[in-house]
Amino acid sequence: MTLPFWKLRRLRWIAFNWTVEDILDPLLDKYQDVKLNEETFPDMRELHFFFTSPASVRSLGSYLNQITHLNLLFIRDLENLHDLLRNLPRVESLTLQTLRENQEDQLLAAFEHGPFDLPRLTQLKICGEENEDSLLLADVTALAEVVRGIPSLQCFDCSFCVAAANLEVLSSAILTLKHLRVLGLHIGHLTAEQDSVRNVLRQMPAKLDALALVISGGHLNEYELAELVRSFATPVCLSAIVCGV
């Protein structure tokens, strides 16, 4: 098997996507044609990996210094994620997606090993398996600390479900992001109170360009939604999916 990437020196982004989980790591280790370094791809700025581990990506060493966009989708082993996060000085956009259920706490725990060298990070997306199971309060607290630790964020998108009862813990951290313009959250386990969805939106930053919410367990009629949109300080692109219980 040969991969003649050396003929494509001017590539600026590349995606490695295999459905077999253990195929990527041997490729990076053994096949000379797929080696990623400054000499082979001097203009490379974006890397997209599927079904790999942070340890394999970290093995790229100083090459990571030139990467500005990094997507790790369906991460197989989260054990060394904290080590990778320490070595992304130029990354502006980072996506982290877990592979299996109940890995949220492992992903969030990686950020506890900071501080990390993420001075240019403006976009952070964290996602996992689609389910209605809410994060534990301890995990929501950890997520809030992640947000506080990256004050440069302009876009924060998290698909982990946060119970409405714990939303204030996270929203208080989000409100500290002075440059935030795009926000995506999944809120669940709302009470049957008539204004519960309103309360969720009242905890969102007023100055946003786009707000995407998945809200499960609540109800909102068109009149109330229009009233809420008008309450934002600036015009906002609002996408809300409200699922009743």
# chains A, B, ... in the order shown; residues from 1 in each chain; ligands from 1
call {"tool": "residues_around", "arguments": {"residues": "Leu70 in chain A", "least_positions_apart": "3", "cutoff": "10 Å", "atoms": "only C-alpha atoms", "output": "PyMOL selection string"}}
result
chain A and resi 13+15+45-49+57+64+67+73+88+91-96
call {"tool": "residues_around", "arguments": {"residues": "range 169-173 of chain A", "least_positions_apart": "4", "cutoff": "9 Å", "atoms": "only C-alpha atoms", "output": "list of chain:residue names"}}
result
A:Leu137, A:Val140, A:Thr141, A:Leu143, A:Ala144, A:Glu145, A:Val146, A:Val147, A:Arg148, A:Val162, A:Ala165, A:Leu177, A:Gln203, A:Met204, A:Pro205
call {"tool": "write_last_selection", "arguments": {"atoms": "N, CA and C atoms", "output": "PDB file, in the first residue's frame"}}
result
ATOM      1  N   LEU A 137     -23.233  16.861  38.227  1.00  0.00           N
ATOM      2  CA  LEU A 137     -22.883  18.215  38.643  1.00  0.00           C
ATOM      3  C   LEU A 137     -21.372  18.416  38.651  1.00  0.00           C
ATOM      4  N   VAL A 140     -20.333  19.095  35.125  1.00  0.00           N
ATOM      5  CA  VAL A 140     -20.744  20.439  34.696  1.00  0.00           C
ATOM      6  C   VAL A 140     -19.784  21.474  35.282  1.00  0.00           C
ATOM      7  N   THR A 141     -19.399  21.268  36.532  1.00  0.00           N
ATOM      8  CA  THR A 141     -18.434  22.162  37.169  1.00  0.00           C
ATOM      9  C   THR A 141     -17.096  22.132  36.435  1.00  0.00           C
ATOM     10  N   LEU A 143     -16.680  21.337  33.283  1.00  0.00           N
ATOM     11  CA  LEU A 143     -16.893  21.997  31.989  1.00  0.00           C
ATOM     12  C   LEU A 143     -16.842  23.514  32.142  1.00  0.00           C
ATOM     13  N   ALA A 144     -17.420  24.016  33.220  1.00  0.00           N
ATOM     14  CA  ALA A 144     -17.382  25.455  33.477  1.00  0.00           C
ATOM     15  C   ALA A 144     -15.944  25.943  33.645  1.00  0.00           C
ATOM     16  N   GLU A 145     -15.111  25.145  34.297  1.00  0.00           N
ATOM     17  CA  GLU A 145     -13.714  25.530  34.479  1.00  0.00           C
ATOM     18  C   GLU A 145     -12.957  25.515  33.150  1.00  0.00           C
ATOM     19  N   VAL A 146     -13.332  24.591  32.272  1.00  0.00           N
ATOM     20  CA  VAL A 146     -12.730  24.572  30.927  1.00  0.00           C
ATOM     21  C   VAL A 146     -13.032  25.888  30.220  1.00  0.00           C
ATOM     22  N   VAL A 147     -14.289  26.297  30.280  1.00  0.00           N
ATOM     23  CA  VAL A 147     -14.711  27.539  29.620  1.00  0.00           C
ATOM     24  C   VAL A 147     -13.970  28.739  30.202  1.00  0.00           C
ATOM     25  N   ARG A 148     -13.896  28.815  31.510  1.00  0.00           N
ATOM     26  CA  ARG A 148     -13.201  29.935  32.149  1.00  0.00           C
ATOM     27  C   ARG A 148     -11.721  29.976  31.797  1.00  0.00           C
ATOM     28  N   VAL A 162     -26.722  19.181  29.591  1.00  0.00           N
ATOM     29  CA  VAL A 162     -26.625  19.818  30.903  1.00  0.00           C
ATOM     30  C   VAL A 162     -28.036  19.982  31.461  1.00  0.00           C
ATOM     31  N   ALA A 165     -31.285  22.297  35.962  1.00  0.00           N
ATOM     32  CA  ALA A 165     -30.987  22.626  37.355  1.00  0.00           C
ATOM     33  C   ALA A 165     -29.523  23.006  37.553  1.00  0.00           C
ATOM     34  N   LEU A 177     -16.930  35.080  29.102  1.00  0.00           N
ATOM     35  CA  LEU A 177     -16.270  35.103  27.799  1.00  0.00           C
ATOM     36  C   LEU A 177     -16.640  36.397  27.067  1.00  0.00           C
ATOM     37  N   GLN A 203     -30.552  32.981  30.687  1.00  0.00           N
ATOM     38  CA  GLN A 203     -29.196  32.737  31.177  1.00  0.00           C
ATOM     39  C   GLN A 203     -28.157  32.742  30.055  1.00  0.00           C
ATOM     40  N   MET A 204     -28.603  32.991  28.827  1.00  0.00           N
ATOM     41  CA  MET A 204     -27.684  33.062  27.700  1.00  0.00           C
ATOM     42  C   MET A 204     -27.122  34.480  27.555  1.00  0.00           C
ATOM     43  N   PRO A 205     -25.902  34.620  27.041  1.00  0.00           N
ATOM     44  CA  PRO A 205     -25.346  35.960  26.810  1.00  0.00           C
ATOM     45  C   PRO A 205     -26.219  36.755  25.849  1.00  0.00           C
TER      46      PRO A 205
END
call {"tool": "atom_distance", "arguments": {"atom1": "CA of His113 in chain A", "atom2": "CA of Leu60 in chain A"}}
result
20.9 Å
call {"tool": "select_by_dssp", "arguments": {"residues": "range 92-231 of chain A", "states": "helix (DSSP H, G or I)", "output": "ChimeraX atom specification"}}
result
/A:104-113,137-148,164-174,196-202,222-230
call {"tool": "atom_distance", "arguments": {"atom1": "CA of Gln66 in chain A", "atom2": "CA of Ala109 in chain A"}}
result
26.2 Å
call {"tool": "closest_residue", "arguments": {"among": "A:Glu129, A:Arg202, A:Ile150, A:Asp43", "to": "Thr176 in chain A", "atoms": "only C-alpha atoms"}}
result
A:Ile150
call {"tool": "atom_distance", "arguments": {"atom1": "CA of Leu153 in chain A", "atom2": "CA of Cys127 in chain A"}}
result
16.6 Å
call {"tool": "closest_residue", "arguments": {"among": "A:Leu121, A:Ile187, A:Ala110, A:Val182", "to": "Phe160 in chain A", "atoms": "only C-alpha atoms"}}
result
A:Ile187
call {"tool": "closest_residue", "arguments": {"among": "A:Pro54, A:Gly217, A:Gly188, A:Gly128", "to": "Gln103 in chain A", "atoms": "only C-alpha atoms"}}
result
A:Gly128
call {"tool": "select_by_dssp", "arguments": {"residues": "range 66-190 of chain A", "states": "strand (DSSP E)", "output": "PDB file with C-alpha atoms, in the first residue's frame"}}
result
ATOM      1  CA  HIS A  69      -7.355  23.738  13.001  1.00  0.00           C
ATOM      2  CA  LEU A  70      -7.440  20.320  14.678  1.00  0.00           C
ATOM      3  CA  ASN A  71     -10.389  17.919  14.737  1.00  0.00           C
ATOM      4  CA  LEU A  72     -10.205  14.674  16.723  1.00  0.00           C
ATOM      5  CA  LEU A  73     -13.389  12.757  15.946  1.00  0.00           C
ATOM      6  CA  PHE A  74     -14.338   9.515  17.702  1.00  0.00           C
ATOM      7  CA  ILE A  75     -11.287   9.536  19.962  1.00  0.00           C
ATOM      8  CA  SER A  93     -10.151  25.812  16.222  1.00  0.00           C
ATOM      9  CA  LEU A  94     -10.378  22.545  18.173  1.00  0.00           C
ATOM     10  CA  THR A  95     -13.026  19.804  17.969  1.00  0.00           C
ATOM     11  CA  LEU A  96     -13.044  16.879  20.404  1.00  0.00           C
ATOM     12  CA  GLN A  97     -15.572  14.084  19.921  1.00  0.00           C
ATOM     13  CA  THR A  98     -15.751  10.978  22.079  1.00  0.00           C
ATOM     14  CA  GLN A 123     -13.400  27.962  18.578  1.00  0.00           C
ATOM     15  CA  LEU A 124     -13.995  24.928  20.792  1.00  0.00           C
ATOM     16  CA  LYS A 125     -16.447  22.155  20.000  1.00  0.00           C
ATOM     17  CA  ILE A 126     -17.004  19.257  22.403  1.00  0.00           C
ATOM     18  CA  CYS A 127     -19.382  16.483  21.437  1.00  0.00           C
ATOM     19  CA  CYS A 155     -17.361  30.105  19.514  1.00  0.00           C
ATOM     20  CA  PHE A 156     -18.273  27.427  22.068  1.00  0.00           C
ATOM     21  CA  ASP A 157     -20.376  24.438  21.030  1.00  0.00           C
ATOM     22  CA  CYS A 158     -21.035  21.568  23.437  1.00  0.00           C
ATOM     23  CA  SER A 159     -23.450  18.700  22.785  1.00  0.00           C
ATOM     24  CA  PHE A 160     -23.122  17.181  26.267  1.00  0.00           C
ATOM     25  CA  CYS A 161     -26.505  17.414  27.964  1.00  0.00           C
ATOM     26  CA  VAL A 162     -26.625  19.818  30.903  1.00  0.00           C
ATOM     27  CA  ALA A 163     -29.606  19.557  33.242  1.00  0.00           C
ATOM     28  CA  VAL A 182     -21.498  31.830  18.740  1.00  0.00           C
ATOM     29  CA  LEU A 183     -22.919  29.434  21.345  1.00  0.00           C
ATOM     30  CA  GLY A 184     -24.392  25.939  21.102  1.00  0.00           C
ATOM     31  CA  LEU A 185     -25.745  23.974  24.077  1.00  0.00           C
ATOM     32  CA  HIS A 186     -27.930  20.977  24.906  1.00  0.00           C
ATOM     33  CA  ILE A 187     -30.193  21.597  27.903  1.00  0.00           C
ATOM     34  CA  GLY A 188     -32.302  18.827  29.399  1.00  0.00           C
TER      35      GLY A 188
END
call {"tool": "closest_residue", "arguments": {"among": "A:Asn102, A:Ser53, A:Asn65, A:Ser59", "to": "Glu79 in chain A", "atoms": "only C-alpha atoms"}}
result
A:Ser53
call {"tool": "closest_residue", "arguments": {"among": "A:Asp83, A:Asp77, A:Glu104, A:Glu38", "to": "Leu136 in chain A", "atoms": "only C-alpha atoms"}}
result
A:Glu104
